Amino acid sequence: MISTHRRKFFLPCIALLHALAACGDQGLTNYQLSGPTMGTRFSVAVVTESEFDQQQLQARIHETLDDVDRRMSTYRTDSEVSKFNHSSSTDWIPVSRALCEAVDEAIELSNLTGGAFDITVGPLVDLWGFGPGDSLNEPPSDDAIAEAISRTGRVHLHANCEIPAIRKDLAGLHIDLSAYAKGLAADEIASLLDNQGIANYLVEIGGDLRARGHNASKTKWRIAIESPYQPGNAVEKIIHIHDLSVATSGDYRNFFEFEGQRYSHTIDPRTGRPVAHDLASVTVLADDAAQADALATALMVLGPEAGMVFAERQSIAAYLLLRDGSSITERMSTQFMALTDP
Ligand code: FAD
């Protein structure tokens with residue numbers, strides 16, 4: 001039995017290439033704020049010609065991230081999501097409007113993707129050792145997979161944001177917003193910066209990012225998409241963006257291997273098993289980061305063929321990296337090429 005353990009910490013799937021210099025053109029200053037969050041790290045680059053209170057902004061950013069964590073973390077027992085997950089009630093459970101709207105949008109994205117993205121995969125994520133519990137070094141039994149699947153399904157999850165409240169039809173259903181909430185947190189920090197009148201920034205949380213305006217050199221933000229074979233060391237592609245969000249899902253950071261087969265943290269809700277195809281990573285560009293985050297996971301589940309068909313049908317800007325023996329081949333959707341031509 002050979003098993004390679006995944007790394008527990010989360011490094012961004014996307015490295016940011018932007019001027020770290022304090023000053024750019026025409027007196028523009030590039031401020032860098034960063035810190036730990038959600039088991040990974042955030043970084044915010046702000047480019048401005050006017051002075052602003054960095055301490056106050058850093059504090060507001062931490063408040064925003066703590067608020068998302070308090071609502072959506074499955075890694076803390078006192079979060080709203082954990083309380084909902086631990087409840088066996090099938091009645092309406094009152095929640096914050098923010099969590100209700102997040103669940104409502106996640107259900108819509110699940111319907112859009114035919115269930116490929118599905119936040120009710122929580123029991124399967126935990127069964128395969130990719131949640132807050134212990135990691136595995138070999139697959140669970142078929143019976144355990146069948147039992148976990150019986151507690152999933154977007155049709156069994158409901159949101160009524162008039163109340164606001166969420167409800168499950170199955171006592172054992174539990175939700176996992178890990179493929180959506182980091183993107184949502186990036187969107188919330190972007191709103192915070194917009195409200196402070198900041199017009200040029202790059203927000204990144206664990207590889208999900210949202211860009212607005214330009215960098216300190218008054219050019220588009222340069223984002224590097226890393227190679228799945230040499231994560232953190234080699235770049236597969238550099239794209240130039242402004243006023244867009246970028247999210248990547250991949251099978252090369254959070255996985256274990258057993259008897260030569262790789263089992264990664266993206267679960268196909270239809271099989272109850274980690275995806276098993278040649279896609280190593282999917283990067284999606286979208287207006288908001290929460291959507292990019294969810295759609296990248298959905299395309300990772302759909303795989304290279306069905307994923308690209310779906311991306312073209314929905315005009316999703318998608319960049320797929322496929323394993324091809326010891327090399328990587330890339331596929332770009334029409335929308336991705338349109339948005340990233342240099
Ligand atoms: P992505 O590809 O963006 O998402 C994959 C994750 O989504 C999987 O890990 C699984 O959880 C889930 N998933 C798998 N398949 C599907 C599917 N078909 N549909 C929907 N979802 C699916 N990690 C820690 O180690 N410590 C922490 O304290 C911690 N706190 C967190 C708090 C919050 C609020 C959130 C959202 C996450 C937290 N995490 C924590 C988890 C970590 O930050 C990442 O969210 C996680 O690894 C997934 O992000 P990713 O970009 O690596 O993968």
# chains A, B, ... in the order shown; residues from 1 in each chain; ligands from 1
>>> closest_atom_pairs(of="chain A", to="ligand 1", cutoff="8 Å", atoms="only C-alpha atoms and all ligand atoms", output="Markdown table")
| residue | atom | partner | partner_atom_place_in_ligand_line | distance |
| --- | --- | --- | --- | --- |
| A:Lys8 | CA | ligand 1 | 25 (O) | 6.0 |
| A:Phe9 | CA | ligand 1 | 25 (O) | 6.1 |
| A:Phe10 | CA | ligand 1 | 52 (O) | 6.2 |
| A:Leu11 | CA | ligand 1 | 52 (O) | 8.0 |
| A:Pro12 | CA | ligand 1 | 51 (O) | 7.4 |
| A:Cys13 | CA | ligand 1 | 51 (O) | 7.3 |
| A:Thr37 | CA | ligand 1 | 30 (N) | 7.1 |
| A:Met38 | CA | ligand 1 | 30 (N) | 3.5 |
| A:Gly39 | CA | ligand 1 | 26 (N) | 3.5 |
| A:Thr40 | CA | ligand 1 | 43 (O) | 5.6 |
| A:Val68 | CA | ligand 1 | 34 (C) | 5.7 |
| A:Asp69 | CA | ligand 1 | 34 (C) | 4.1 |
| A:Arg70 | CA | ligand 1 | 34 (C) | 7.3 |
| A:Arg71 | CA | ligand 1 | 34 (C) | 7.1 |
| A:Met72 | CA | ligand 1 | 34 (C) | 4.5 |
| A:Ser73 | CA | ligand 1 | 34 (C) | 3.7 |
| A:Thr74 | CA | ligand 1 | 32 (C) | 6.4 |
| A:Tyr75 | CA | ligand 1 | 28 (O) | 5.1 |
| A:Arg76 | CA | ligand 1 | 28 (O) | 7.3 |
| A:Ser110 | CA | ligand 1 | 19 (N) | 8.0 |
| A:Gly115 | CA | ligand 1 | 18 (N) | 7.6 |
| A:Ala116 | CA | ligand 1 | 18 (N) | 5.2 |
| A:Phe117 | CA | ligand 1 | 19 (N) | 3.6 |
| A:Asp118 | CA | ligand 1 | 19 (N) | 3.9 |
| A:Ile119 | CA | ligand 1 | 20 (C) | 4.5 |
| A:Thr120 | CA | ligand 1 | 20 (C) | 7.3 |
| A:Val121 | CA | ligand 1 | 17 (C) | 6.1 |
| A:Gly122 | CA | ligand 1 | 11 (O) | 7.1 |
| A:Val125 | CA | ligand 1 | 10 (C) | 5.6 |
| A:Phe130 | CA | ligand 1 | 9 (O) | 5.7 |
| A:Gly131 | CA | ligand 1 | 11 (O) | 6.0 |
| A:Pro132 | CA | ligand 1 | 25 (O) | 6.7 |
| A:Asp176 | CA | ligand 1 | 11 (O) | 5.9 |
| A:Leu177 | CA | ligand 1 | 36 (C) | 5.4 |
| A:Ser178 | CA | ligand 1 | 36 (C) | 3.9 |
| A:Ala179 | CA | ligand 1 | 4 (O) | 3.6 |
| A:Tyr180 | CA | ligand 1 | 3 (O) | 6.6 |
| A:Ala181 | CA | ligand 1 | 36 (C) | 4.4 |
| A:Lys182 | CA | ligand 1 | 36 (C) | 5.3 |
| A:Gly206 | CA | ligand 1 | 51 (O) | 6.1 |
| A:Gly207 | CA | ligand 1 | 51 (O) | 6.3 |
| A:Asp208 | CA | ligand 1 | 51 (O) | 6.9 |
| A:Ala247 | CA | ligand 1 | 3 (O) | 7.4 |
| A:Thr248 | CA | ligand 1 | 2 (O) | 6.6 |
| A:Ser249 | CA | ligand 1 | 2 (O) | 3.8 |
| A:Gly250 | CA | ligand 1 | 2 (O) | 6.0 |
| A:Arg253 | CA | ligand 1 | 52 (O) | 7.4 |
| A:Asn254 | CA | ligand 1 | 52 (O) | 6.7 |
| A:His265 | CA | ligand 1 | 9 (O) | 4.8 |
| A:Thr266 | CA | ligand 1 | 15 (N) | 3.7 |
| A:Ile267 | CA | ligand 1 | 15 (N) | 3.8 |
| A:Asp268 | CA | ligand 1 | 18 (N) | 5.2 |
| A:Pro269 | CA | ligand 1 | 18 (N) | 5.6 |
| A:Pro274 | CA | ligand 1 | 15 (N) | 7.6 |
| A:Asp293 | CA | ligand 1 | 3 (O) | 5.6 |
| A:Ala294 | CA | ligand 1 | 20 (C) | 7.0 |
| A:Ala296 | CA | ligand 1 | 2 (O) | 6.9 |
| A:Thr297 | CA | ligand 1 | 2 (O) | 5.2 |
| A:Ala298 | CA | ligand 1 | 18 (N) | 6.2 |
| A:Val301 | CA | ligand 1 | 18 (N) | 6.1 |
>>> write_last_selection(atoms="C-alpha atoms", output="compact mmCIF listing (two decimals), in the first residue's frame")
# COMPACT_ATOMS: atom_id res chain seq x y z
CA LYS A 8 -2.72 20.25 5.21
CA PHE A 9 -1.88 23.87 4.55
CA PHE A 10 -3.33 25.63 1.55
CA LEU A 11 -1.17 27.63 -0.75
CA PRO A 12 -2.73 29.69 -3.50
CA CYS A 13 -3.20 27.83 -6.76
CA THR A 37 -7.58 33.17 7.20
CA MET A 38 -9.66 30.01 6.62
CA GLY A 39 -6.69 27.67 6.89
CA THR A 40 -4.85 29.63 4.18
CA VAL A 68 -17.42 34.86 6.88
CA ASP A 69 -15.61 32.33 9.08
CA ARG A 70 -18.25 32.68 11.83
CA ARG A 71 -20.98 32.05 9.27
CA MET A 72 -19.51 29.43 6.96
CA SER A 73 -16.65 27.47 8.52
CA THR A 74 -17.01 23.72 9.02
CA TYR A 75 -13.71 23.95 10.95
CA ARG A 76 -15.29 25.58 13.97
CA SER A 110 -25.86 23.73 -8.24
CA GLY A 115 -25.44 19.21 -9.47
CA ALA A 116 -21.72 19.07 -10.36
CA PHE A 117 -21.18 21.87 -7.83
CA ASP A 118 -23.22 20.83 -4.81
CA ILE A 119 -22.71 22.14 -1.26
CA THR A 120 -24.57 19.13 0.19
CA VAL A 121 -21.47 16.99 -0.51
CA GLY A 122 -20.42 17.60 3.11
CA VAL A 125 -16.01 15.37 1.84
CA PHE A 130 -10.96 16.26 3.12
CA GLY A 131 -12.94 18.03 5.80
CA PRO A 132 -11.92 19.14 9.30
CA ASP A 176 -19.79 22.41 2.88
CA LEU A 177 -19.22 25.86 1.39
CA SER A 178 -15.47 25.42 0.90
CA ALA A 179 -15.75 25.69 -2.89
CA TYR A 180 -17.67 28.98 -2.67
CA ALA A 181 -16.93 30.87 0.55
CA LYS A 182 -13.34 31.97 -0.10
CA GLY A 206 -6.19 31.05 -0.89
CA GLY A 207 -5.87 31.41 -4.65
CA ASP A 208 -9.31 32.93 -5.29
CA ALA A 247 -10.50 31.02 -9.22
CA THR A 248 -8.68 27.74 -9.75
CA SER A 249 -9.62 24.25 -8.64
CA GLY A 250 -7.06 21.47 -8.92
CA ARG A 253 -2.51 20.08 -3.60
CA ASN A 254 -5.14 18.38 -1.50
CA HIS A 265 -10.64 16.73 -2.68
CA THR A 266 -13.04 17.48 -5.56
CA ILE A 267 -15.91 15.02 -5.16
CA ASP A 268 -18.24 13.99 -7.98
CA PRO A 269 -21.66 14.04 -6.22
CA PRO A 274 -13.14 12.05 -6.04
CA ASP A 293 -14.89 29.57 -7.26
CA ALA A 294 -18.01 27.42 -7.65
CA ALA A 296 -14.12 26.05 -11.27
CA THR A 297 -15.16 23.20 -8.96
CA ALA A 298 -18.11 22.32 -11.22
CA VAL A 301 -16.25 17.58 -11.61
>>> residues_around(residues="region 140-152 of chain A", least_positions_apart="4", cutoff="10 Å", atoms="only C-alpha atoms", output="PyMOL selection string")
chain A and resi 118-129+136+156-157+168-175+269-273
>>> select_by_dssp(residues="region 33-137 of chain A", states="helix (DSSP H, G or I)", output="VMD selection string")
chain A and resid 54 to 72 80 to 86 97 to 112 119 to 127
>>> atom_distance(atom1="CA of Ser245 (chain A)", atom2="CA of Ser79 (chain A)")
26.6 Å
>>> residues_around(residues="Glu204 (chain A)", least_positions_apart="4", cutoff="7 Å", atoms="only C-alpha atoms", output="list in words")
Phe42, Ser43, Val44, Ala186, Asp208, Leu209 and Arg210 of chain A
>>> atom_distance(atom1="CA of Pro304 (chain A)", atom2="CA of Ala290 (chain A)")
21.7 Å
>>> atom_distance(atom1="CA of Asp341 (chain A)", atom2="CA of His242 (chain A)")
12.4 Å
>>> closest_residue(among="A:Glu305, A:Glu138, A:Glu236, A:Glu330", to="Ser264 (chain A)", atoms="only C-alpha atoms")
A:Glu138
>>> closest_residue(among="A:Ile163, A:Ala190, A:Ala199, A:Met300", to="Pro94 (chain A)", atoms="only C-alpha atoms")
A:Ile163
>>> closest_residue(among="A:Gly27, A:Gly133, A:Gly183, A:Pro139", to="Ala102 (chain A)", atoms="only C-alpha atoms")
A:Gly183
>>> closest_residue(among="A:Ala165, A:Ala306, A:Ala286, A:Ile189", to="Ala318 (chain A)", atoms="only C-alpha atoms")
A:Ala286
>>> closest_residue(among="A:Ile239, A:Glu108, A:Gln196, A:Leu28", to="Gln56 (chain A)", atoms="only C-alpha atoms")
A:Gln196
>>> residues_around(residues="Arg323 (chain A)", least_positions_apart="2", cutoff="12 Å", atoms="only C-alpha atoms", output="MDAnalysis selection string")
chainID A and resid 227:229 250:252 276:282 303:304 320:321 325:331
>>> write_last_selection(atoms="N, CA and C atoms", output="short mmCIF file (atom, residue, chain, number, x, y, z; two decimals), in the first residue's frame")
data_model
loop_
_atom_site.label_atom_id
_atom_site.label_comp_id
_atom_site.auth_asym_id
_atom_site.auth_seq_id
_atom_site.Cartn_x
_atom_site.Cartn_y
_atom_site.Cartn_z
N SER A 227 1.82 25.67 -12.61
CA SER A 227 1.84 24.34 -13.22
C SER A 227 1.42 23.30 -12.18
N PRO A 228 0.52 22.40 -12.52
CA PRO A 228 0.13 21.34 -11.59
C PRO A 228 1.28 20.41 -11.25
N TYR A 229 2.30 20.38 -12.16
CA TYR A 229 3.42 19.46 -11.90
C TYR A 229 4.42 20.06 -10.93
N GLY A 250 -8.03 22.44 -8.38
CA GLY A 250 -7.06 21.47 -8.92
C GLY A 250 -6.99 20.23 -8.06
N ASP A 251 -6.28 19.22 -8.62
CA ASP A 251 -6.22 17.94 -7.89
C ASP A 251 -4.83 17.68 -7.33
N TYR A 252 -3.99 18.74 -7.29
CA TYR A 252 -2.57 18.50 -7.03
C TYR A 252 -2.09 19.08 -5.70
N ALA A 276 -12.14 11.38 -11.29
CA ALA A 276 -11.10 10.47 -11.82
C ALA A 276 -11.02 10.69 -13.33
N HIS A 277 -10.31 11.72 -13.75
CA HIS A 277 -10.10 11.99 -15.18
C HIS A 277 -8.74 12.68 -15.32
N ASP A 278 -8.45 13.20 -16.51
CA ASP A 278 -7.09 13.76 -16.75
C ASP A 278 -6.97 15.24 -16.41
N LEU A 279 -8.09 15.85 -15.94
CA LEU A 279 -8.01 17.29 -15.63
C LEU A 279 -7.18 17.48 -14.37
N ALA A 280 -6.12 18.29 -14.48
CA ALA A 280 -5.30 18.59 -13.29
C ALA A 280 -5.78 19.88 -12.64
N SER A 281 -6.23 20.83 -13.47
CA SER A 281 -6.76 22.06 -12.85
C SER A 281 -7.65 22.81 -13.84
N VAL A 282 -8.55 23.58 -13.26
CA VAL A 282 -9.46 24.43 -14.02
C VAL A 282 -9.39 25.84 -13.43
N GLY A 303 -15.23 17.35 -15.83
CA GLY A 303 -14.13 16.75 -16.60
C GLY A 303 -13.86 17.50 -17.89
N PRO A 304 -12.80 17.11 -18.62
CA PRO A 304 -12.33 17.89 -19.77
C PRO A 304 -13.34 18.02 -20.91
N LEU A 320 -8.37 25.05 -18.97
CA LEU A 320 -8.23 23.68 -18.45
C LEU A 320 -6.81 23.20 -18.67
N LEU A 321 -6.23 22.57 -17.66
CA LEU A 321 -4.91 21.94 -17.81
C LEU A 321 -5.08 20.45 -17.63
N GLY A 325 0.39 12.21 -20.05
CA GLY A 325 1.66 11.53 -19.72
C GLY A 325 2.42 12.41 -18.74
N SER A 326 3.66 12.76 -19.10
CA SER A 326 4.44 13.58 -18.16
C SER A 326 4.32 15.07 -18.51
N SER A 327 3.48 15.37 -19.53
CA SER A 327 3.36 16.80 -19.87
C SER A 327 1.92 17.27 -19.61
N ILE A 328 1.72 18.55 -19.84
CA ILE A 328 0.41 19.18 -19.58
C ILE A 328 -0.09 19.78 -20.90
N THR A 329 -1.34 19.52 -21.24
CA THR A 329 -1.88 20.25 -22.40
C THR A 329 -2.97 21.20 -21.89
N GLU A 330 -3.09 22.33 -22.60
CA GLU A 330 -4.05 23.34 -22.14
C GLU A 330 -5.21 23.44 -23.13
N ARG A 331 -6.38 23.76 -22.59
CA ARG A 331 -7.55 24.03 -23.43
C ARG A 331 -8.19 25.32 -22.89
#
>>> residues_around(residues="Ala317 (chain A)", least_positions_apart="2", cutoff="6 Å", atoms="only C-alpha atoms", output="MDAnalysis selection string")
chainID A and resid 284:285 333 335:336
>>> write_last_selection(atoms="N, CA, C and O atoms", output="mmCIF file, in the first residue's frame")
data_model
loop_
_atom_site.group_PDB
_atom_site.id
_atom_site.type_symbol
_atom_site.label_atom_id
_atom_site.label_comp_id
_atom_site.auth_asym_id
_atom_site.auth_seq_id
_atom_site.Cartn_x
_atom_site.Cartn_y
_atom_site.Cartn_z
ATOM 1 N N VAL A 284 -11.203 29.613 -13.761
ATOM 2 C CA VAL A 284 -12.378 30.294 -14.318
ATOM 3 C C VAL A 284 -12.261 31.788 -14.022
ATOM 4 O O VAL A 284 -11.858 32.192 -12.920
ATOM 5 N N LEU A 285 -12.581 32.594 -15.028
ATOM 6 C CA LEU A 285 -12.677 34.055 -14.846
ATOM 7 C C LEU A 285 -14.165 34.401 -14.819
ATOM 8 O O LEU A 285 -14.940 33.868 -15.632
ATOM 9 N N SER A 333 -11.493 28.104 -23.285
ATOM 10 C CA SER A 333 -12.804 28.365 -23.872
ATOM 11 C C SER A 333 -12.728 29.668 -24.669
ATOM 12 O O SER A 333 -11.815 30.497 -24.481
ATOM 13 N N GLN A 335 -14.530 32.273 -24.443
ATOM 14 C CA GLN A 335 -14.643 33.447 -23.569
ATOM 15 C C GLN A 335 -13.320 33.717 -22.856
ATOM 16 O O GLN A 335 -12.945 34.880 -22.658
ATOM 17 N N PHE A 336 -12.612 32.654 -22.489
ATOM 18 C CA PHE A 336 -11.309 32.851 -21.812
ATOM 19 C C PHE A 336 -10.338 33.549 -22.770
ATOM 20 O O PHE A 336 -9.656 34.514 -22.393
#
>>> closest_residue(among="A:Val95, A:Met308, A:Ile241, A:Leu302", to="Ala338 (chain A)", atoms="only C-alpha atoms")
A:Ile241
>>> decode(residues="region 175-188 of chain A", atoms="all heavy atoms", output="PDB file, in the first residue's frame")
ATOM      1  N   ILE A 175     -23.851  20.722   4.967  1.00  0.00           N
ATOM      2  CA  ILE A 175     -23.350  21.503   3.842  1.00  0.00           C
ATOM      3  C   ILE A 175     -21.882  21.867   4.033  1.00  0.00           C
ATOM      4  O   ILE A 175     -21.394  21.981   5.151  1.00  0.00           O
ATOM      5  CB  ILE A 175     -24.213  22.773   3.616  1.00  0.00           C
ATOM      6  CG1 ILE A 175     -24.242  23.674   4.839  1.00  0.00           C
ATOM      7  CG2 ILE A 175     -25.597  22.384   3.154  1.00  0.00           C
ATOM      8  CD1 ILE A 175     -25.081  24.962   4.619  1.00  0.00           C
ATOM      9  N   ASP A 176     -21.211  22.043   2.901  1.00  0.00           N
ATOM     10  CA  ASP A 176     -19.791  22.408   2.877  1.00  0.00           C
ATOM     11  C   ASP A 176     -19.624  23.504   1.838  1.00  0.00           C
ATOM     12  O   ASP A 176     -19.806  23.274   0.644  1.00  0.00           O
ATOM     13  CB  ASP A 176     -18.960  21.175   2.491  1.00  0.00           C
ATOM     14  CG  ASP A 176     -17.476  21.511   2.381  1.00  0.00           C
ATOM     15  OD1 ASP A 176     -17.129  22.691   2.203  1.00  0.00           O
ATOM     16  OD2 ASP A 176     -16.660  20.583   2.469  1.00  0.00           O
ATOM     17  N   LEU A 177     -19.309  24.709   2.301  1.00  0.00           N
ATOM     18  CA  LEU A 177     -19.224  25.861   1.395  1.00  0.00           C
ATOM     19  C   LEU A 177     -17.786  26.158   0.977  1.00  0.00           C
ATOM     20  O   LEU A 177     -17.467  27.264   0.508  1.00  0.00           O
ATOM     21  CB  LEU A 177     -19.837  27.077   2.081  1.00  0.00           C
ATOM     22  CG  LEU A 177     -21.371  27.068   2.150  1.00  0.00           C
ATOM     23  CD1 LEU A 177     -21.878  27.902   3.319  1.00  0.00           C
ATOM     24  CD2 LEU A 177     -21.979  27.580   0.860  1.00  0.00           C
ATOM     25  N   SER A 178     -16.888  25.145   1.152  1.00  0.00           N
ATOM     26  CA  SER A 178     -15.472  25.420   0.898  1.00  0.00           C
ATOM     27  C   SER A 178     -15.158  25.784  -0.545  1.00  0.00           C
ATOM     28  O   SER A 178     -14.149  26.432  -0.805  1.00  0.00           O
ATOM     29  CB  SER A 178     -14.622  24.202   1.299  1.00  0.00           C
ATOM     30  OG  SER A 178     -14.653  24.042   2.696  1.00  0.00           O
ATOM     31  N   ALA A 179     -16.005  25.372  -1.473  1.00  0.00           N
ATOM     32  CA  ALA A 179     -15.746  25.693  -2.889  1.00  0.00           C
ATOM     33  C   ALA A 179     -16.436  26.974  -3.301  1.00  0.00           C
ATOM     34  O   ALA A 179     -16.564  27.269  -4.490  1.00  0.00           O
ATOM     35  CB  ALA A 179     -16.212  24.545  -3.778  1.00  0.00           C
ATOM     36  N   TYR A 180     -16.893  27.753  -2.344  1.00  0.00           N
ATOM     37  CA  TYR A 180     -17.666  28.977  -2.670  1.00  0.00           C
ATOM     38  C   TYR A 180     -17.281  30.130  -1.746  1.00  0.00           C
ATOM     39  O   TYR A 180     -17.176  31.283  -2.160  1.00  0.00           O
ATOM     40  CB  TYR A 180     -19.150  28.632  -2.495  1.00  0.00           C
ATOM     41  CG  TYR A 180     -20.108  29.787  -2.599  1.00  0.00           C
ATOM     42  CD1 TYR A 180     -20.597  30.215  -3.829  1.00  0.00           C
ATOM     43  CD2 TYR A 180     -20.545  30.443  -1.443  1.00  0.00           C
ATOM     44  CE1 TYR A 180     -21.487  31.275  -3.916  1.00  0.00           C
ATOM     45  CE2 TYR A 180     -21.444  31.497  -1.526  1.00  0.00           C
ATOM     46  CZ  TYR A 180     -21.910  31.910  -2.759  1.00  0.00           C
ATOM     47  OH  TYR A 180     -22.792  32.967  -2.841  1.00  0.00           O
ATOM     48  N   ALA A 181     -17.002  29.804  -0.469  1.00  0.00           N
ATOM     49  CA  ALA A 181     -16.925  30.867   0.546  1.00  0.00           C
ATOM     50  C   ALA A 181     -15.647  31.693   0.471  1.00  0.00           C
ATOM     51  O   ALA A 181     -15.659  32.878   0.825  1.00  0.00           O
ATOM     52  CB  ALA A 181     -17.079  30.279   1.951  1.00  0.00           C
ATOM     53  N   LYS A 182     -14.551  31.136   0.007  1.00  0.00           N
ATOM     54  CA  LYS A 182     -13.337  31.972  -0.102  1.00  0.00           C
ATOM     55  C   LYS A 182     -13.562  33.011  -1.194  1.00  0.00           C
ATOM     56  O   LYS A 182     -13.192  34.171  -1.059  1.00  0.00           O
ATOM     57  CB  LYS A 182     -12.107  31.119  -0.412  1.00  0.00           C
ATOM     58  CG  LYS A 182     -11.669  30.244   0.716  1.00  0.00           C
ATOM     59  CD  LYS A 182     -10.250  29.771   0.631  1.00  0.00           C
ATOM     60  CE  LYS A 182      -9.803  29.226  -0.698  1.00  0.00           C
ATOM     61  NZ  LYS A 182     -10.663  28.290  -1.398  1.00  0.00           N
ATOM     62  N   GLY A 183     -14.216  32.571  -2.272  1.00  0.00           N
ATOM     63  CA  GLY A 183     -14.547  33.525  -3.335  1.00  0.00           C
ATOM     64  C   GLY A 183     -15.492  34.594  -2.813  1.00  0.00           C
ATOM     65  O   GLY A 183     -15.303  35.793  -3.061  1.00  0.00           O
ATOM     66  N   LEU A 184     -16.477  34.170  -2.037  1.00  0.00           N
ATOM     67  CA  LEU A 184     -17.442  35.132  -1.478  1.00  0.00           C
ATOM     68  C   LEU A 184     -16.722  36.131  -0.577  1.00  0.00           C
ATOM     69  O   LEU A 184     -16.990  37.339  -0.632  1.00  0.00           O
ATOM     70  CB  LEU A 184     -18.494  34.385  -0.657  1.00  0.00           C
ATOM     71  CG  LEU A 184     -19.570  35.264  -0.025  1.00  0.00           C
ATOM     72  CD1 LEU A 184     -20.591  35.702  -1.052  1.00  0.00           C
ATOM     73  CD2 LEU A 184     -20.256  34.533   1.113  1.00  0.00           C
ATOM     74  N   ALA A 185     -15.762  35.627   0.208  1.00  0.00           N
ATOM     75  CA  ALA A 185     -15.013  36.532   1.102  1.00  0.00           C
ATOM     76  C   ALA A 185     -14.225  37.553   0.276  1.00  0.00           C
ATOM     77  O   ALA A 185     -14.166  38.745   0.624  1.00  0.00           O
ATOM     78  CB  ALA A 185     -14.067  35.714   1.987  1.00  0.00           C
ATOM     79  N   ALA A 186     -13.666  37.128  -0.847  1.00  0.00           N
ATOM     80  CA  ALA A 186     -12.942  38.076  -1.719  1.00  0.00           C
ATOM     81  C   ALA A 186     -13.904  39.130  -2.256  1.00  0.00           C
ATOM     82  O   ALA A 186     -13.576  40.328  -2.309  1.00  0.00           O
ATOM     83  CB  ALA A 186     -12.268  37.315  -2.871  1.00  0.00           C
ATOM     84  N   ASP A 187     -15.128  38.710  -2.599  1.00  0.00           N
ATOM     85  CA  ASP A 187     -16.143  39.677  -3.076  1.00  0.00           C
ATOM     86  C   ASP A 187     -16.501  40.670  -1.964  1.00  0.00           C
ATOM     87  O   ASP A 187     -16.677  41.870  -2.204  1.00  0.00           O
ATOM     88  CB  ASP A 187     -17.417  38.938  -3.506  1.00  0.00           C
ATOM     89  CG  ASP A 187     -17.198  38.102  -4.767  1.00  0.00           C
ATOM     90  OD1 ASP A 187     -16.334  38.464  -5.583  1.00  0.00           O
ATOM     91  OD2 ASP A 187     -17.884  37.063  -4.914  1.00  0.00           O
ATOM     92  N   GLU A 188     -16.592  40.174  -0.730  1.00  0.00           N
ATOM     93  CA  GLU A 188     -16.986  41.067   0.372  1.00  0.00           C
ATOM     94  C   GLU A 188     -15.882  42.073   0.677  1.00  0.00           C
ATOM     95  O   GLU A 188     -16.147  43.240   0.970  1.00  0.00           O
ATOM     96  CB  GLU A 188     -17.361  40.237   1.608  1.00  0.00           C
ATOM     97  CG  GLU A 188     -18.620  39.403   1.372  1.00  0.00           C
ATOM     98  CD  GLU A 188     -19.255  38.838   2.645  1.00  0.00           C
ATOM     99  OE1 GLU A 188     -18.733  39.110   3.752  1.00  0.00           O
ATOM    100  OE2 GLU A 188     -20.275  38.143   2.530  1.00  0.00           O
TER     101      GLU A 188
END
